[in-house]
>>> print(open('entry-v1.cif').read())   # mmCIF, C-alpha atoms and all ligand atoms
data_entry
loop_
_atom_site.group_PDB
_atom_site.id
_atom_site.type_symbol
_atom_site.label_atom_id
_atom_site.label_comp_id
_atom_site.auth_asym_id
_atom_site.auth_seq_id
_atom_site.Cartn_x
_atom_site.Cartn_y
_atom_site.Cartn_z
ATOM 1 C CA MET A 1 -4.223 35.214 -44.035
ATOM 2 C CA ALA A 2 -1.930 33.113 -41.872
ATOM 3 C CA LEU A 3 0.450 34.841 -39.494
ATOM 4 C CA ILE A 4 3.985 34.059 -40.657
ATOM 5 C CA ILE A 5 5.866 33.848 -37.361
ATOM 6 C CA ASP A 6 9.026 35.912 -37.787
ATOM 7 C CA GLY A 7 11.750 34.026 -35.913
ATOM 8 C CA LYS A 8 14.418 36.395 -37.168
ATOM 9 C CA LYS A 9 12.666 39.410 -35.643
ATOM 10 C CA ILE A 10 11.773 37.641 -32.391
ATOM 11 C CA SER A 11 15.304 36.290 -31.963
ATOM 12 C CA GLN A 12 16.689 39.776 -32.612
ATOM 13 C CA ASP A 13 14.359 41.225 -29.943
ATOM 14 C CA ILE A 14 15.626 38.607 -27.471
ATOM 15 C CA LYS A 15 19.251 39.362 -28.349
ATOM 16 C CA GLU A 16 18.642 43.094 -27.772
ATOM 17 C CA GLU A 17 17.125 42.327 -24.346
ATOM 18 C CA LEU A 18 20.086 40.101 -23.485
ATOM 19 C CA LYS A 19 22.573 42.744 -24.639
ATOM 20 C CA GLU A 20 21.078 45.137 -22.079
ATOM 21 C CA LYS A 21 21.264 42.527 -19.301
ATOM 22 C CA VAL A 22 24.893 41.738 -20.171
ATOM 23 C CA ALA A 23 25.755 45.439 -20.132
ATOM 24 C CA ALA A 24 24.176 45.706 -16.659
ATOM 25 C CA TYR A 25 26.268 42.729 -15.456
ATOM 26 C CA GLN A 26 29.377 44.294 -16.992
ATOM 27 C CA SER A 27 28.745 47.481 -15.042
ATOM 28 C CA GLU A 28 28.925 45.283 -11.921
ATOM 29 C CA GLU A 29 32.222 43.831 -13.252
ATOM 30 C CA ILE A 30 30.537 40.487 -14.043
ATOM 31 C CA GLN A 31 31.788 39.018 -17.329
ATOM 32 C CA ILE A 32 29.941 36.055 -18.889
ATOM 33 C CA THR A 33 32.140 33.518 -20.689
ATOM 34 C CA LEU A 34 31.075 30.642 -22.945
ATOM 35 C CA ALA A 35 33.563 27.912 -23.902
ATOM 36 C CA VAL A 36 32.748 26.399 -27.299
ATOM 37 C CA ILE A 37 34.405 23.100 -28.207
ATOM 38 C CA GLN A 38 34.385 21.634 -31.700
ATOM 39 C CA VAL A 39 36.109 18.346 -32.499
ATOM 40 C CA GLY A 40 36.917 17.845 -36.187
ATOM 41 C CA GLU A 41 35.899 19.985 -39.129
ATOM 42 C CA ASP A 42 32.353 18.989 -40.026
ATOM 43 C CA PRO A 43 31.323 21.922 -42.307
ATOM 44 C CA ALA A 44 27.787 22.254 -40.857
ATOM 45 C CA SER A 45 29.193 22.254 -37.307
ATOM 46 C CA SER A 46 31.732 24.922 -38.288
ATOM 47 C CA VAL A 47 28.877 27.144 -39.530
ATOM 48 C CA TYR A 48 26.848 26.622 -36.310
ATOM 49 C CA VAL A 49 29.883 27.246 -34.099
ATOM 50 C CA GLY A 50 30.767 30.384 -36.101
ATOM 51 C CA ASN A 51 27.204 31.698 -35.633
ATOM 52 C CA LYS A 52 27.343 31.012 -31.887
ATOM 53 C CA LYS A 53 30.610 32.926 -31.581
ATOM 54 C CA LYS A 54 29.154 35.855 -33.563
ATOM 55 C CA ALA A 55 26.068 35.948 -31.340
ATOM 56 C CA CYS A 56 28.306 36.012 -28.238
ATOM 57 C CA GLU A 57 30.277 38.910 -29.629
ATOM 58 C CA TYR A 58 27.090 40.831 -30.474
ATOM 59 C CA ILE A 59 25.635 40.429 -26.999
ATOM 60 C CA GLY A 60 28.859 41.029 -25.082
ATOM 61 C CA ILE A 61 29.561 37.469 -23.952
ATOM 62 C CA ARG A 62 33.213 36.403 -24.117
ATOM 63 C CA SER A 63 33.675 33.199 -26.104
ATOM 64 C CA LEU A 64 36.614 30.819 -25.802
ATOM 65 C CA ALA A 65 37.001 28.675 -28.897
ATOM 66 C CA TYR A 66 38.530 25.184 -28.707
ATOM 67 C CA GLU A 67 38.967 23.760 -32.198
ATOM 68 C CA LEU A 68 40.319 20.274 -31.639
ATOM 69 C CA PRO A 69 41.541 17.853 -34.310
ATOM 70 C CA GLU A 70 39.318 14.934 -35.419
ATOM 71 C CA LYS A 71 41.778 12.467 -33.841
ATOM 72 C CA THR A 72 41.376 13.975 -30.333
ATOM 73 C CA THR A 73 40.886 11.108 -27.876
ATOM 74 C CA GLU A 74 37.883 10.784 -25.597
ATOM 75 C CA GLU A 75 40.187 11.177 -22.604
ATOM 76 C CA GLU A 76 41.675 14.409 -23.947
ATOM 77 C CA LEU A 77 38.208 15.846 -24.528
ATOM 78 C CA LEU A 78 36.972 14.755 -21.098
ATOM 79 C CA ASN A 79 40.051 16.326 -19.493
ATOM 80 C CA LEU A 80 39.356 19.630 -21.259
ATOM 81 C CA VAL A 81 35.709 19.572 -20.111
ATOM 82 C CA LYS A 82 36.812 18.825 -16.519
ATOM 83 C CA GLU A 83 39.334 21.673 -16.628
ATOM 84 C CA LEU A 84 36.619 24.069 -17.881
ATOM 85 C CA ASN A 85 34.245 22.810 -15.160
ATOM 86 C CA GLU A 86 36.810 23.908 -12.584
ATOM 87 C CA ARG A 87 37.501 27.333 -14.067
ATOM 88 C CA THR A 88 35.613 30.020 -12.171
ATOM 89 C CA ASP A 89 35.905 32.404 -15.142
ATOM 90 C CA VAL A 90 33.914 30.050 -17.437
ATOM 91 C CA ASN A 91 30.115 30.128 -17.069
ATOM 92 C CA GLY A 92 28.965 27.927 -19.928
ATOM 93 C CA ILE A 93 30.422 24.921 -21.789
ATOM 94 C CA LEU A 94 29.134 23.872 -25.187
ATOM 95 C CA VAL A 95 30.448 20.786 -26.975
ATOM 96 C CA GLN A 96 29.219 20.898 -30.559
ATOM 97 C CA LEU A 97 27.544 17.659 -31.680
ATOM 98 C CA PRO A 98 27.942 15.327 -33.456
ATOM 99 C CA LEU A 99 31.287 14.161 -32.097
ATOM 100 C CA PRO A 100 33.546 11.753 -34.023
ATOM 101 C CA ALA A 101 32.398 8.122 -33.712
ATOM 102 C CA HIS A 102 35.269 7.105 -31.364
ATOM 103 C CA ILE A 103 33.997 9.501 -28.652
ATOM 104 C CA ASP A 104 31.028 8.629 -26.424
ATOM 105 C CA GLU A 105 28.719 11.659 -26.689
ATOM 106 C CA ASP A 106 26.631 10.706 -23.662
ATOM 107 C CA LEU A 107 29.732 10.441 -21.501
ATOM 108 C CA VAL A 108 30.946 13.868 -22.656
ATOM 109 C CA ILE A 109 27.553 15.484 -21.951
ATOM 110 C CA GLN A 110 27.431 13.846 -18.515
ATOM 111 C CA THR A 111 30.882 15.197 -17.722
ATOM 112 C CA ILE A 112 29.846 18.829 -18.261
ATOM 113 C CA SER A 113 28.934 20.386 -14.916
ATOM 114 C CA PRO A 114 25.132 20.876 -14.804
ATOM 115 C CA GLU A 115 25.842 24.448 -13.637
ATOM 116 C CA LYS A 116 27.529 25.115 -16.999
ATOM 117 C CA ASP A 117 25.314 22.974 -19.264
ATOM 118 C CA VAL A 118 23.993 25.831 -21.420
ATOM 119 C CA ASP A 119 22.738 23.359 -24.079
ATOM 120 C CA GLY A 120 20.422 21.793 -21.474
ATOM 121 C CA PHE A 121 21.475 18.278 -22.550
ATOM 122 C CA HIS A 122 22.833 16.960 -19.204
ATOM 123 C CA PRO A 123 20.617 14.296 -17.561
ATOM 124 C CA GLN A 124 20.310 16.577 -14.516
ATOM 125 C CA SER A 125 18.990 19.440 -16.686
ATOM 126 C CA VAL A 126 16.542 17.076 -18.411
ATOM 127 C CA GLY A 127 15.467 15.598 -15.068
ATOM 128 C CA ALA A 128 14.971 19.053 -13.535
ATOM 129 C CA LEU A 129 12.722 20.027 -16.434
ATOM 130 C CA SER A 130 10.662 16.852 -16.070
ATOM 131 C CA ILE A 131 9.895 17.527 -12.386
ATOM 132 C CA GLY A 132 9.551 21.300 -12.622
ATOM 133 C CA GLN A 133 12.831 22.237 -10.960
ATOM 134 C CA LYS A 134 15.350 24.876 -11.994
ATOM 135 C CA GLY A 135 17.845 24.002 -14.695
ATOM 136 C CA PHE A 136 18.897 24.897 -18.203
ATOM 137 C CA LEU A 137 16.285 24.357 -20.929
ATOM 138 C CA SER A 138 17.091 22.729 -24.246
ATOM 139 C CA CYS A 139 17.434 25.677 -26.636
ATOM 140 C CA THR A 140 15.236 24.744 -29.627
ATOM 141 C CA PRO A 141 12.090 23.824 -27.639
ATOM 142 C CA ALA A 142 12.596 26.816 -25.321
ATOM 143 C CA GLY A 143 12.824 28.982 -28.454
ATOM 144 C CA ILE A 144 9.545 27.545 -29.752
ATOM 145 C CA ILE A 145 7.777 28.492 -26.503
ATOM 146 C CA GLN A 146 9.113 32.040 -26.964
ATOM 147 C CA LEU A 147 7.896 32.128 -30.587
ATOM 148 C CA LEU A 148 4.399 31.149 -29.458
ATOM 149 C CA LYS A 149 4.262 33.520 -26.480
ATOM 150 C CA ARG A 150 5.683 36.494 -28.309
ATOM 151 C CA SER A 151 3.220 35.925 -31.186
ATOM 152 C CA GLY A 152 0.300 36.067 -28.733
ATOM 153 C CA ILE A 153 -0.565 32.374 -29.206
ATOM 154 C CA GLU A 154 -2.024 30.861 -26.048
ATOM 155 C CA ILE A 155 -0.868 27.360 -25.043
ATOM 156 C CA ASP A 156 -2.980 26.907 -21.890
ATOM 157 C CA GLY A 157 -5.650 24.259 -22.500
ATOM 158 C CA LYS A 158 -4.688 23.744 -26.165
ATOM 159 C CA GLU A 159 -4.296 20.396 -27.911
ATOM 160 C CA CYS A 160 -0.559 20.236 -28.690
ATOM 161 C CA VAL A 161 0.737 17.472 -30.946
ATOM 162 C CA ILE A 162 4.468 16.933 -31.464
ATOM 163 C CA ILE A 163 5.702 14.762 -34.301
ATOM 164 C CA GLY A 164 9.150 13.438 -33.319
ATOM 165 C CA ARG A 165 10.511 12.178 -29.994
ATOM 166 C CA SER A 166 14.197 13.130 -30.051
ATOM 167 C CA ASN A 167 16.044 14.000 -26.844
ATOM 168 C CA ILE A 168 16.927 17.431 -28.219
ATOM 169 C CA VAL A 169 13.513 18.532 -29.521
ATOM 170 C CA GLY A 170 10.498 16.207 -29.193
ATOM 171 C CA LYS A 171 10.789 15.075 -25.561
ATOM 172 C CA PRO A 172 11.754 18.449 -23.989
ATOM 173 C CA MET A 173 9.131 20.118 -26.215
ATOM 174 C CA ALA A 174 6.477 17.863 -24.684
ATOM 175 C CA LEU A 175 7.575 18.789 -21.158
ATOM 176 C CA LEU A 176 7.663 22.511 -21.896
ATOM 177 C CA LEU A 177 4.200 22.514 -23.496
ATOM 178 C CA LEU A 178 2.910 20.531 -20.526
ATOM 179 C CA ARG A 179 4.438 23.102 -18.171
ATOM 180 C CA GLU A 180 2.441 25.745 -20.075
ATOM 181 C CA ASN A 181 -0.743 23.698 -19.451
ATOM 182 C CA GLY A 182 -1.076 22.316 -22.969
ATOM 183 C CA THR A 183 -2.639 18.869 -23.515
ATOM 184 C CA VAL A 184 0.265 17.062 -25.114
ATOM 185 C CA THR A 185 0.525 14.118 -27.511
ATOM 186 C CA VAL A 186 3.868 12.890 -28.856
ATOM 187 C CA CYS A 187 3.835 11.004 -32.182
ATOM 188 C CA HIS A 188 6.677 8.977 -33.661
ATOM 189 C CA SER A 189 7.484 6.467 -36.384
ATOM 190 C CA ARG A 190 5.272 3.776 -34.809
ATOM 191 C CA THR A 191 2.240 6.021 -34.297
ATOM 192 C CA LYS A 192 -0.855 4.609 -35.976
ATOM 193 C CA ASN A 193 -3.187 6.996 -37.827
ATOM 194 C CA LEU A 194 -0.665 9.850 -37.765
ATOM 195 C CA LYS A 195 -2.906 12.056 -39.918
ATOM 196 C CA GLU A 196 -5.842 11.693 -37.524
ATOM 197 C CA VAL A 197 -3.735 12.362 -34.439
ATOM 198 C CA ALA A 198 -1.958 15.352 -36.016
ATOM 199 C CA LYS A 199 -5.343 16.756 -37.091
ATOM 200 C CA ARG A 200 -6.412 17.038 -33.456
ATOM 201 C CA ALA A 201 -3.740 19.675 -32.885
ATOM 202 C CA ASP A 202 -4.409 23.322 -32.156
ATOM 203 C CA ILE A 203 -0.608 23.605 -32.051
ATOM 204 C CA LEU A 204 1.371 21.148 -34.207
ATOM 205 C CA VAL A 205 5.157 20.928 -33.744
ATOM 206 C CA VAL A 206 6.872 19.012 -36.531
ATOM 207 C CA ALA A 207 10.376 17.616 -35.974
ATOM 208 C CA ILE A 208 10.620 14.451 -38.053
ATOM 209 C CA GLY A 209 13.516 15.212 -40.345
ATOM 210 C CA LYS A 210 11.647 14.425 -43.602
ATOM 211 C CA ARG A 211 11.486 17.186 -46.132
ATOM 212 C CA LYS A 212 8.001 18.624 -46.904
ATOM 213 C CA PHE A 213 6.425 15.518 -45.315
ATOM 214 C CA ILE A 214 3.483 17.307 -43.670
ATOM 215 C CA ASN A 215 0.781 18.648 -45.985
ATOM 216 C CA LYS A 216 -2.666 19.997 -45.195
ATOM 217 C CA GLU A 217 -4.116 16.496 -44.824
ATOM 218 C CA TYR A 218 -2.339 16.393 -41.431
ATOM 219 C CA ILE A 219 -3.539 19.771 -40.219
ATOM 220 C CA LYS A 220 -6.813 21.020 -38.769
ATOM 221 C CA GLU A 221 -8.004 24.231 -40.394
ATOM 222 C CA GLY A 222 -6.813 27.205 -38.340
ATOM 223 C CA ALA A 223 -4.090 25.290 -36.441
ATOM 224 C CA VAL A 224 -0.715 26.795 -35.537
ATOM 225 C CA VAL A 225 2.205 24.960 -37.177
ATOM 226 C CA ILE A 226 5.810 25.032 -35.937
ATOM 227 C CA ASP A 227 8.320 23.535 -38.375
ATOM 228 C CA VAL A 228 11.631 22.411 -36.853
ATOM 229 C CA GLY A 229 12.943 20.760 -40.055
ATOM 230 C CA MET A 230 15.767 22.075 -42.194
ATOM 231 C CA HIS A 231 16.467 20.578 -45.628
ATOM 232 C CA ARG A 232 17.369 21.498 -49.201
ATOM 233 C CA ASP A 233 14.549 21.085 -51.733
ATOM 234 C CA GLU A 234 14.790 19.940 -55.371
ATOM 235 C CA ASN A 235 15.964 23.478 -56.354
ATOM 236 C CA ASN A 236 18.566 23.541 -53.544
ATOM 237 C CA LYS A 237 16.466 26.037 -51.568
ATOM 238 C CA LEU A 238 16.046 25.647 -47.811
ATOM 239 C CA CYS A 239 12.760 24.065 -46.739
ATOM 240 C CA GLY A 240 11.275 22.353 -43.690
ATOM 241 C CA ASP A 241 9.421 19.177 -42.701
ATOM 242 C CA VAL A 242 6.189 20.958 -43.667
ATOM 243 C CA ASP A 243 5.064 21.660 -47.246
ATOM 244 C CA PHE A 244 4.709 25.395 -46.572
ATOM 245 C CA LEU A 245 2.915 26.373 -49.789
ATOM 246 C CA ASP A 246 0.396 23.539 -49.433
ATOM 247 C CA VAL A 247 -0.581 24.478 -45.871
ATOM 248 C CA VAL A 248 -0.115 28.264 -45.608
ATOM 249 C CA ASP A 249 -3.715 29.156 -46.541
ATOM 250 C CA HIS A 250 -5.095 26.482 -44.245
ATOM 251 C CA VAL A 251 -3.400 27.457 -40.958
ATOM 252 C CA SER A 252 -3.756 30.444 -38.618
ATOM 253 C CA ALA A 253 0.001 30.781 -38.025
ATOM 254 C CA ILE A 254 3.150 29.052 -39.252
ATOM 255 C CA THR A 255 6.927 29.333 -38.919
ATOM 256 C CA PRO A 256 8.797 29.646 -42.228
ATOM 257 C CA VAL A 257 12.026 27.808 -43.084
ATOM 258 C CA PRO A 258 14.417 29.566 -43.029
ATOM 259 C CA GLY A 259 13.647 32.374 -40.573
ATOM 260 C CA GLY A 260 11.367 30.548 -38.133
ATOM 261 C CA VAL A 261 12.664 28.183 -35.448
ATOM 262 C CA GLY A 262 16.316 28.238 -36.611
ATOM 263 C CA PRO A 263 17.346 31.689 -35.354
ATOM 264 C CA MET A 264 15.678 31.003 -31.996
ATOM 265 C CA THR A 265 18.069 28.200 -31.013
ATOM 266 C CA ILE A 266 21.070 30.529 -30.800
ATOM 267 C CA ALA A 267 19.026 33.278 -29.103
ATOM 268 C CA MET A 268 18.026 30.785 -26.383
ATOM 269 C CA LEU A 269 21.616 29.554 -26.038
ATOM 270 C CA MET A 270 22.583 33.162 -25.382
ATOM 271 C CA ASN A 271 19.702 33.391 -22.899
ATOM 272 C CA ASN A 272 21.042 30.310 -21.086
ATOM 273 C CA CYS A 273 24.519 31.857 -20.929
ATOM 274 C CA VAL A 274 23.063 34.979 -19.299
ATOM 275 C CA GLU A 275 20.929 32.854 -16.962
ATOM 276 C CA SER A 276 24.019 30.874 -15.959
ATOM 277 C CA ILE A 277 24.940 33.799 -13.724
ATOM 278 C CA GLN A 278 21.567 33.657 -11.970
ATOM 279 C CA LEU A 279 21.502 29.848 -11.790
ATOM 280 C CA ARG A 280 24.926 29.813 -10.173
ATOM 281 C CA LYS A 281 23.648 32.131 -7.505
ATOM 282 C CA ASP A 282 20.663 29.829 -6.967
ATOM 283 C CA PHE A 283 22.327 26.419 -7.056
HETATM 284 N N1 LIG B 1 24.467 20.120 -33.025
HETATM 285 C C1 LIG B 1 23.310 20.474 -33.643
HETATM 286 N N2 LIG B 1 22.562 21.259 -32.831
HETATM 287 C C2 LIG B 1 23.259 21.400 -31.688
HETATM 288 C C3 LIG B 1 23.016 22.103 -30.467
HETATM 289 O O1 LIG B 1 21.979 22.759 -30.268
HETATM 290 N N3 LIG B 1 23.994 22.008 -29.528
HETATM 291 C C4 LIG B 1 25.121 21.292 -29.715
HETATM 292 N N4 LIG B 1 26.013 21.259 -28.731
HETATM 293 N N5 LIG B 1 25.385 20.628 -30.828
HETATM 294 C C5 LIG B 1 24.449 20.688 -31.801
#
>>> encode(input="entry-v1.cif", output="structure tokens", more="lines below")
Ligand code: GUN
Amino acid sequence: MALIIDGKKISQDIKEELKEKVAAYQSEEIQITLAVIQVGEDPASSVYVGNKKKACEYIGIRSLAYELPEKTTEEELLNLVKELNERTDVNGILVQLPLPAHIDEDLVIQTISPEKDVDGFHPQSVGALSIGQKGFLSCTPAGIIQLLKRSGIEIDGKECVIIGRSNIVGKPMALLLLRENGTVTVCHSRTKNLKEVAKRADILVVAIGKRKFINKEYIKEGAVVIDVGMHRDENNKLCGDVDFLDVVDHVSAITPVPGGVGPMTIAMLMNNCVESIQLRKDF
């Protein structure tokens, strides 16, 4: 029987641990504050932002919500980010993506102070990760490392194959698995013989954005499969990039969708907010 990795339970455990840390900071009169900026009213973004605010409230982090109209100019947004950079009572700044097309996302991310970049998207955070220095970690890949570790799955010396090379998941995932001494291969749309390469994996991380694309032909028997995808299937039920029912009896462990990787992203964002206090001391 495959282990179904319970991301809901693991994320809850992390949130409980963070709640205790926040309470300890509060007893020293240290309040952690996250500024959350949303531009426009994209319904999916509104759900994500709502969940982030709820998680803050649960853990004891103060959240400041900035809900800006779709027509906000790039300059106005950059000015708000700069103002929040300067505020000593704000520890983390999160600008929900995607932004409207008239705003340069890269420029906005670069404007966030690396000390407050709790998403881990700033080039300095990414660069620090790539050379093993301190900085914020991108939340989804950091959450995947936690899922593996807290499920007792060893990474050291394992063949790790990642399908997908995005800046948010694939690339930082590769660096984090490398840091844990995995042997890492990154596949993408131009990879030849994808099935053969994926089949080498002891740990297969799938982040390709194609619903139920990966079946057991891509997976070595007994591999661990991490599914980062999130889609609606033909019956409008949530599903991932992996065809769960096809592979579940073939793998040793797998994350379900929903309830696998998803809940971990917010838990790790909360972790970054708590770490922002420590990082500030260390910078
Ligand atoms: N949009 C989708 N996922 C994310 C995320 O993790 N952070 C931000 N800022 N925007 C997102």
>>> closest_atom_pairs(input="entry-v1.cif", of="chain A", to="ligand LIG 1 (chain B)", cutoff="6 Å", atoms="all atoms listed in the file", output="Markdown table")
| residue | atom | partner | partner_atom | distance |
| --- | --- | --- | --- | --- |
| A:Leu94 | CA | B:LIG1 | N4 | 5.4 |
| A:Val95 | CA | B:LIG1 | N4 | 4.8 |
| A:Gln96 | CA | B:LIG1 | N4 | 3.7 |
| A:Leu97 | CA | B:LIG1 | N5 | 3.8 |
| A:Pro98 | CA | B:LIG1 | N1 | 5.9 |
| A:Asp119 | CA | B:LIG1 | N3 | 5.8 |
>>> write_last_selection(input="entry-v1.cif", atoms="C-alpha atoms", output="tab-separated table (two decimals), in the coordinates of the input")
chain	number	residue	atom	x	y	z
A	94	LEU	CA	29.13	23.87	-25.19
A	95	VAL	CA	30.45	20.79	-26.98
A	96	GLN	CA	29.22	20.90	-30.56
A	97	LEU	CA	27.54	17.66	-31.68
A	98	PRO	CA	27.94	15.33	-33.46
A	119	ASP	CA	22.74	23.36	-24.08
>>> closest_residue(input="entry-v1.cif", among="A:Asp117, A:Glu70, A:Glu76, A:Glu41", to="A:Val90", atoms="only C-alpha atoms")
A:Asp117
>>> closest_residue(input="entry-v1.cif", among="A:Ile203, A:Gly152, A:Gln146, A:Ala44", to="A:Gly7", atoms="all atoms listed in the file")
A:Gln146
>>> closest_residue(input="entry-v1.cif", among="A:Gly60, A:Pro263, A:Pro100, A:Gly182", to="A:Gln31", atoms="all atoms listed in the file")
A:Gly60
>>> residues_around(input="entry-v1.cif", residues="A:Leu129", least_positions_apart="5", cutoff="12 Å", atoms="all atoms listed in the file", output="VMD selection string")
chain A and resid 120 to 124 134 to 138 141 to 142 171 to 179
>>> resolve_selection(input="entry-v1.cif", expression="the PyMOL selection byres (((chain A and resi 215-230) around 9) and not hetatm)", output="PyMOL selection string")
chain A and resi 2+5+140+144+153+169+194-214+231-232+238-258+260-262
>>> write_last_selection(input="entry-v1.cif", atoms="C-alpha atoms", output="PDB file, in the frame of the given file")
ATOM      1  CA  ALA A   2      -1.930  33.113 -41.872  1.00  0.00           C
ATOM      2  CA  ILE A   5       5.866  33.848 -37.361  1.00  0.00           C
ATOM      3  CA  THR A 140      15.236  24.744 -29.627  1.00  0.00           C
ATOM      4  CA  ILE A 144       9.545  27.545 -29.752  1.00  0.00           C
ATOM      5  CA  ILE A 153      -0.565  32.374 -29.206  1.00  0.00           C
ATOM      6  CA  VAL A 169      13.513  18.532 -29.521  1.00  0.00           C
ATOM      7  CA  LEU A 194      -0.665   9.850 -37.765  1.00  0.00           C
ATOM      8  CA  LYS A 195      -2.906  12.056 -39.918  1.00  0.00           C
ATOM      9  CA  GLU A 196      -5.842  11.693 -37.524  1.00  0.00           C
ATOM     10  CA  VAL A 197      -3.735  12.362 -34.439  1.00  0.00           C
ATOM     11  CA  ALA A 198      -1.958  15.352 -36.016  1.00  0.00           C
ATOM     12  CA  LYS A 199      -5.343  16.756 -37.091  1.00  0.00           C
ATOM     13  CA  ARG A 200      -6.412  17.038 -33.456  1.00  0.00           C
ATOM     14  CA  ALA A 201      -3.740  19.675 -32.885  1.00  0.00           C
ATOM     15  CA  ASP A 202      -4.409  23.322 -32.156  1.00  0.00           C
ATOM     16  CA  ILE A 203      -0.608  23.605 -32.051  1.00  0.00           C
ATOM     17  CA  LEU A 204       1.371  21.148 -34.207  1.00  0.00           C
ATOM     18  CA  VAL A 205       5.157  20.928 -33.744  1.00  0.00           C
ATOM     19  CA  VAL A 206       6.872  19.012 -36.531  1.00  0.00           C
ATOM     20  CA  ALA A 207      10.376  17.616 -35.974  1.00  0.00           C
ATOM     21  CA  ILE A 208      10.620  14.451 -38.053  1.00  0.00           C
ATOM     22  CA  GLY A 209      13.516  15.212 -40.345  1.00  0.00           C
ATOM     23  CA  LYS A 210      11.647  14.425 -43.602  1.00  0.00           C
ATOM     24  CA  ARG A 211      11.486  17.186 -46.132  1.00  0.00           C
ATOM     25  CA  LYS A 212       8.001  18.624 -46.904  1.00  0.00           C
ATOM     26  CA  PHE A 213       6.425  15.518 -45.315  1.00  0.00           C
ATOM     27  CA  ILE A 214       3.483  17.307 -43.670  1.00  0.00           C
ATOM     28  CA  HIS A 231      16.467  20.578 -45.628  1.00  0.00           C
ATOM     29  CA  ARG A 232      17.369  21.498 -49.201  1.00  0.00           C
ATOM     30  CA  LEU A 238      16.046  25.647 -47.811  1.00  0.00           C
ATOM     31  CA  CYS A 239      12.760  24.065 -46.739  1.00  0.00           C
ATOM     32  CA  GLY A 240      11.275  22.353 -43.690  1.00  0.00           C
ATOM     33  CA  ASP A 241       9.421  19.177 -42.701  1.00  0.00           C
ATOM     34  CA  VAL A 242       6.189  20.958 -43.667  1.00  0.00           C
ATOM     35  CA  ASP A 243       5.064  21.660 -47.246  1.00  0.00           C
ATOM     36  CA  PHE A 244       4.709  25.395 -46.572  1.00  0.00           C
ATOM     37  CA  LEU A 245       2.915  26.373 -49.789  1.00  0.00           C
ATOM     38  CA  ASP A 246       0.396  23.539 -49.433  1.00  0.00           C
ATOM     39  CA  VAL A 247      -0.581  24.478 -45.871  1.00  0.00           C
ATOM     40  CA  VAL A 248      -0.115  28.264 -45.608  1.00  0.00           C
ATOM     41  CA  ASP A 249      -3.715  29.156 -46.541  1.00  0.00           C
ATOM     42  CA  HIS A 250      -5.095  26.482 -44.245  1.00  0.00           C
ATOM     43  CA  VAL A 251      -3.400  27.457 -40.958  1.00  0.00           C
ATOM     44  CA  SER A 252      -3.756  30.444 -38.618  1.00  0.00           C
ATOM     45  CA  ALA A 253       0.001  30.781 -38.025  1.00  0.00           C
ATOM     46  CA  ILE A 254       3.150  29.052 -39.252  1.00  0.00           C
ATOM     47  CA  THR A 255       6.927  29.333 -38.919  1.00  0.00           C
ATOM     48  CA  PRO A 256       8.797  29.646 -42.228  1.00  0.00           C
ATOM     49  CA  VAL A 257      12.026  27.808 -43.084  1.00  0.00           C
ATOM     50  CA  PRO A 258      14.417  29.566 -43.029  1.00  0.00           C
ATOM     51  CA  GLY A 260      11.367  30.548 -38.133  1.00  0.00           C
ATOM     52  CA  VAL A 261      12.664  28.183 -35.448  1.00  0.00           C
ATOM     53  CA  GLY A 262      16.316  28.238 -36.611  1.00  0.00           C
TER      54      GLY A 262
END
>>> atom_distance(input="entry-v1.cif", atom1="atom CA of A:Glu159", atom2="atom CA of A:Ile131")
21.2 Å
